[in-house]
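I have placed the structure first, in the form of structure tokens, so that the comments after it can refer back to it.
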Amino acid sequence: MESYMNIKGRIFDIQKYSIHDGPGIRTIVFLKGCPLRCKWCCNPEGQQFEFQQMDFAGKKKTVGEDMTVSEILTEVKKDMPYYLRSGGGLTLSGGECLCQPEFATALLYASKSAGISAAIETTGFAEWDVIKEYLKYTDYVLMDIKNIDNEKHMRFCGQSNEIILENAMRIARNHTNLTIRVPVIPTFNDTEREISAIAQFAASLPGVKNLHLLPYHRLGSDKYKGLGREYLLEDLELIPQDKMERLLAAANKFGLDCKIGG
Amino acid sequence: MAEFTSGGIPMTDRIRRLIDNLFAEMPQIETERAVLVTESYKMTENLPIIKRRALAFRHILENISITIREDELIVGSNTIKPRSCQIFPEYSFEWLEGELDTVETRSADPFYISEENKQILRSVFPYWRGKTNSDLALSYMAPETIRAMEHNVFTPGNYFYNGIGHITVDYTKVLHIGFKGIIREAAEELEACKVYMPEYSKKHEFLESVIICADAAINYAKRYSALALEMAEKCNDKRRKQELLWIAQACSNVPENGASNFYEACQSFWFVQMLLQTESSGHSISPGRFDQYMYPFYKADLDAGRIKPEFAQELLDCIWVKFNDLNKVRDAASAEGFAGYSLFQNLCAGGQTREGLDATNDLSYMCIQASMHTQLPAPSFSVRIWNGTPTEFLLKAVELTRTGVGLPAYYNDEVIIPSMMSRGITLEESRDYNIIGCVEPQIMAKTDGWHDAAFFNMCRPIELVFSNGFEDGEQASIKTGELSDFKTFDDFFEAYKKQMAYNIGLMVNADNAIDVAHSERCPLPFQSSMVEDCIKRGKSIQEGGAVYNFTGPQGFGIANMTDALYAIKKLVYEDKKYTLEDFKEAMAYNFGEPFDPVAAKKATTQAATELAKQGKAVSEIQIEKIFESFLKGVCTGEQKARYAGLKSDIEALPKYGNDIPEIDLFAREVAYTYTKEVEKYKNPRGGQYQAGLYPVSANVPLGQQTGATPDARLASTPIADGVGPCSGRDVKGPTAAANSVAKLDHAIASNGTLYNQKFHPSALAGTAGMMNFVSYIRAFFDQKGMHMQFNVVSRETLLDAQKHPENYKNLVVRVAGYSALFTTLSRSLQDDIINRTEQGFDR
């Protein structure tokens, strides 16, 4: 077996029949570890690279598993008939899939070699040299732009958005099929002004046509408890549908094909 | 194929009114048929049975009350009250005699019966004592068969108590040549049948009986024609008057003659469909490829400018409503197993022509539309899918799925056609297959499939291995060895196979006994007049008159037995962490959990026998104590901990339904213990046995009769549904579960397999969601899955429906092979539906 097949990576989940993260029916591999600390993160167990203990439905379980490219590919290939019928494939997500470049690029390469289309879902927070390698084997990039306001971004995500915005432009210029996604979070970016700013930026990216507004949900909140952490957004209400529609209308003004949901 | 032209035809107000009328009242039991059949039988005691059946059929049709309901365009009802039923005492009646006072209040499928009608039935029943089909069937059964039935290893109850049904007759023939044409055929055959021929006596009687029945059907329609005329005369509403005149005209022409237009074809079809259900109480009388045999009539009218698609759609909708007008009362236990007032009238659309081209036509789409309009459980609507099925047809079908009505069921031609051919059916005929009842494929107008012949509970044989065949104080099955004899897993598996094989043999005996009884006591001349080659052979279907004869009993519990046998293999023989005795003890104590009363009683008997075997005397008081302890789940803390430990070790093992090749291929082997055994046998009609793999909804009531199993399934809880994974054990999403199911050998189960999945509506949201769903079905079928059906409702909806059934009178869910009204299901079945894994999507 070729050596890249034996490269190990750290993941925390493999999810089949995913229909909202790239075209068609996809399998998502969640890589562990992320440089951002978004307060609303629905996969808090994906933030730390280290293995963690999490209470899950009353049972302790270890989050995180080291698997080789070959092992993961075997799992991903099981849904080949669905990819072929739907135009789906593999999506790397996380955590942040850009944080394990050697493993992730090997997995993307292996996937492409097996005839499976590959996508990444990312914050875009990494060195350009790293991202460039990914793009060689990636058909679709789903990238979050959370806020144009850097101060707010720092406060809610724990990192600056400068490199993110820069990378978005570079990815777009690389002729990659890029979709911009916006987690719409109350108190953070749920105003027409902020959504418009993001949409305007997205529209300025060459070749970008699609923008997805992902309404806030709290389905991950139990996991914080399971990890012994505090969920900082306990008091947030879900965004009503009519408000989402207003934000959608705002985003639509910049000539992009916008929709609610992935 | 011409472009589909009837896409968005809206439902008319008439259909809404028809539905509202149909569901305005609770279904009732009516008694006219029971009285008439008894009268006729009393007058014909010296005649051959086939003649007696024909004369009884005629006597009923001449005298039973008829009605044309308000707003109806398609007429013909077996009962005066909508959605009500008649009684068929010639098959069996003792159960009803015993349940007359409870049938109205029971939880599954209650029927109202007036005191007067109870009296009528009580006066009719004595004549039938000792004369029923059921009585004769029982007398043909071997004692060990009856014992196995008493021990709930299998149940052939369906045909034991009722007619057989499960057939698709030659609707095409009646549509084209009418019953007059059938009479002509029979008369010609009669002419050719000379008195000196050896077959003369029986053939002659049979053909005369066919003519009597066909004649009776013609005259029955004329009664409707007369009634419509009479009503028209009195009718002040101009529009309705005109409609009644149309009805009168149609009923005077069909089904006597071939239909002269689409409307008459619809009416002719309906008379056949309903009269089959007057002759016998068999369910699953399935219209089959309605879109194919009705199309020429529609096309001719359309081309001639005689019909608008809107009216054709309304007629289809009318027929769809009528399917729900027919009903049948079953015994309380069977009602649980078949819950939802369903008659399983399976109608299918799409698929291939006999030449192998795509068969989808405008009517195929309009059939989907009719189910979307009516949103009713009947007909059981199926679509045939093959590699050449147009995507827009699948999309239209998914649109119906999305409404949450539980329809349609999807069938894979690419598996079923070769499967049919493996049973000796020609390629052309195989391409023309349709679905009977729940999921059973067969060839229209030529087959007596005896589908649904019995339920075989694959979990019971493993209990019999653990007990060495000794249960409830008697040797209930063969001995397959003490647990200490099983040195390897293969030894154990071998014992399981032996218990399976032995009991399958007994099930065959039961079915064959019932089969013979039907041929002697309840042959069906009317039905036989529309199935090849009965007229030529001069034999009823029940005597082997059909071209193709099968018996299809269905096994269920594959998922449980896969997980159970794997647990034993792994924990006892590979890891050596537990012994078989550990399993036996934990199962006997229900893994430390409380028993329900029935299971507690059974466990008590078993424990007392064990003690007696060890030479210990057991007093009444001790037995009472043991019973109490089972009921409360009381065992020592040490025991409890041990059983819980075993249970959690079993639960931690990989399970069927998660796309794990090792387990799934093992499931395939487990399924073979049933399918390969069943196909060895022959039935008295000269046909072969073929296995089905599905429980309808019997996995719940028959699970009730099953103790704890080695897969850590607790006593009395439901057994897994269809060929799907055990409830809640598939945790890798819908593709993984489907991949596991696809790994079974479906083609060998030529009596059908059934795979239910429940989806949240979000799965099918938007065009992208629907396209992905289409892809999902296609990809399952690419892997040789055979059947798929979906419940698209939210868990919240179902919970609320349990709390407020009055708000959900029309809520239809798919239960096993059919759709049913959720609120009419028993509580336990409702719970089962709710607990089925809800296949989610994203985090």
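Going by the structure tokens order, chains are called A, B, ..., each with residues numbered from 1, while ligands are numbered from 1 in the order shown.
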| field | Residue hits in chain A, query chain B, radius 6 Å, only C-alpha atoms, as a ChimeraX atom specification | value | /A:16,18,24,81-82,85-86
Mind checking which residues fall within 8 Å of region 171-173 of chain A, counting only C-alpha atoms, ignoring those fewer than 6 positions away in the same chain, and posting them as a VMD selection string?
chain A and resid 205 to 208
Preceding selection exported with C-alpha atoms as a CSV table (one decimal), in the first residue's frame:
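What follows is the written file part.csv:
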chain,number,residue,atom,x,y,z
A,205,LEU,CA,-15.2,37.4,-4.7
A,206,PRO,CA,-14.6,36.4,-8.4
A,207,GLY,CA,-16.7,33.4,-9.4
A,208,VAL,CA,-18.6,33.2,-6.2
DSSP on the backbone: which residues in region 621-756 of chain B end up as helix (DSSP H, G or I)? Give the answer as a PyMOL selection string.
chain B and resi 621-632+637-652+661-678+701-704+733-742
Q.
Which residues are close to region 792-808 of chain B, i.e. within 6 Å by only C-alpha atoms, leaving aside same-chain residues fewer than 6 positions away? Reply as number ranges by chain.
A. B: 404, 758-761, 823
Write the residues you've just listed into a file as a PDB file, in the first residue's frame, and include N, CA and C atoms for each of them.
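Writing done, so here's result-v5.pdb:
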ATOM      1  N   GLY B 404     -46.273  12.571   3.578  1.00  0.00           N
ATOM      2  CA  GLY B 404     -46.321  11.851   4.841  1.00  0.00           C
ATOM      3  C   GLY B 404     -47.400  10.791   4.887  1.00  0.00           C
ATOM      4  N   LYS B 758     -38.094   5.579   8.300  1.00  0.00           N
ATOM      5  CA  LYS B 758     -38.831   6.772   8.677  1.00  0.00           C
ATOM      6  C   LYS B 758     -37.950   7.988   8.460  1.00  0.00           C
ATOM      7  N   PHE B 759     -38.479   8.965   7.812  1.00  0.00           N
ATOM      8  CA  PHE B 759     -37.732  10.191   7.571  1.00  0.00           C
ATOM      9  C   PHE B 759     -38.468  11.393   8.134  1.00  0.00           C
ATOM     10  N   HIS B 760     -37.694  12.297   8.618  1.00  0.00           N
ATOM     11  CA  HIS B 760     -38.233  13.580   9.020  1.00  0.00           C
ATOM     12  C   HIS B 760     -38.478  14.387   7.742  1.00  0.00           C
ATOM     13  N   PRO B 761     -39.528  15.190   7.704  1.00  0.00           N
ATOM     14  CA  PRO B 761     -39.834  15.906   6.456  1.00  0.00           C
ATOM     15  C   PRO B 761     -38.674  16.751   5.931  1.00  0.00           C
ATOM     16  N   THR B 823     -54.359   6.588  14.224  1.00  0.00           N
ATOM     17  CA  THR B 823     -55.157   6.568  15.447  1.00  0.00           C
ATOM     18  C   THR B 823     -55.924   5.261  15.647  1.00  0.00           C
TER      19      THR B 823
END
Determine the nearest neighbour of Lys497 (chain B) from the options B:Ile425, B:Leu653, B:Val670, B:Val405, counting only C-alpha atoms.
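Looking only at the distances to Lys497 (chain B), the closest residue turns out to be B:Val670.
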One decimal place gives the CA of Gln639 (chain B)-CA of Gly469 (chain B) separation as 25.7 Å
Review point. In Å, how far is it from CA of Thr105 (chain A) to CA of Asn658 (chain B)?
Key: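 Those two atoms sit 27.5 Å apart.
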Taking only C-alpha atoms into account, name the residue in B:Asp303, B:Met372, B:Glu233, B:Ser419 that is nearest to Ile15 (chain B).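 Selected residue with least distance to Ile15 (chain B): B:Met372.
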Selected residue of minimal separation from Gly557 (chain B) among B:Arg33, B:Arg58, B:Arg330, B:Arg460, counting only C-alpha atoms
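Of B:Arg33, B:Arg58, B:Arg330, B:Arg460, the one nearest Gly557 (chain B), counting only C-alpha atoms, is B:Arg460.
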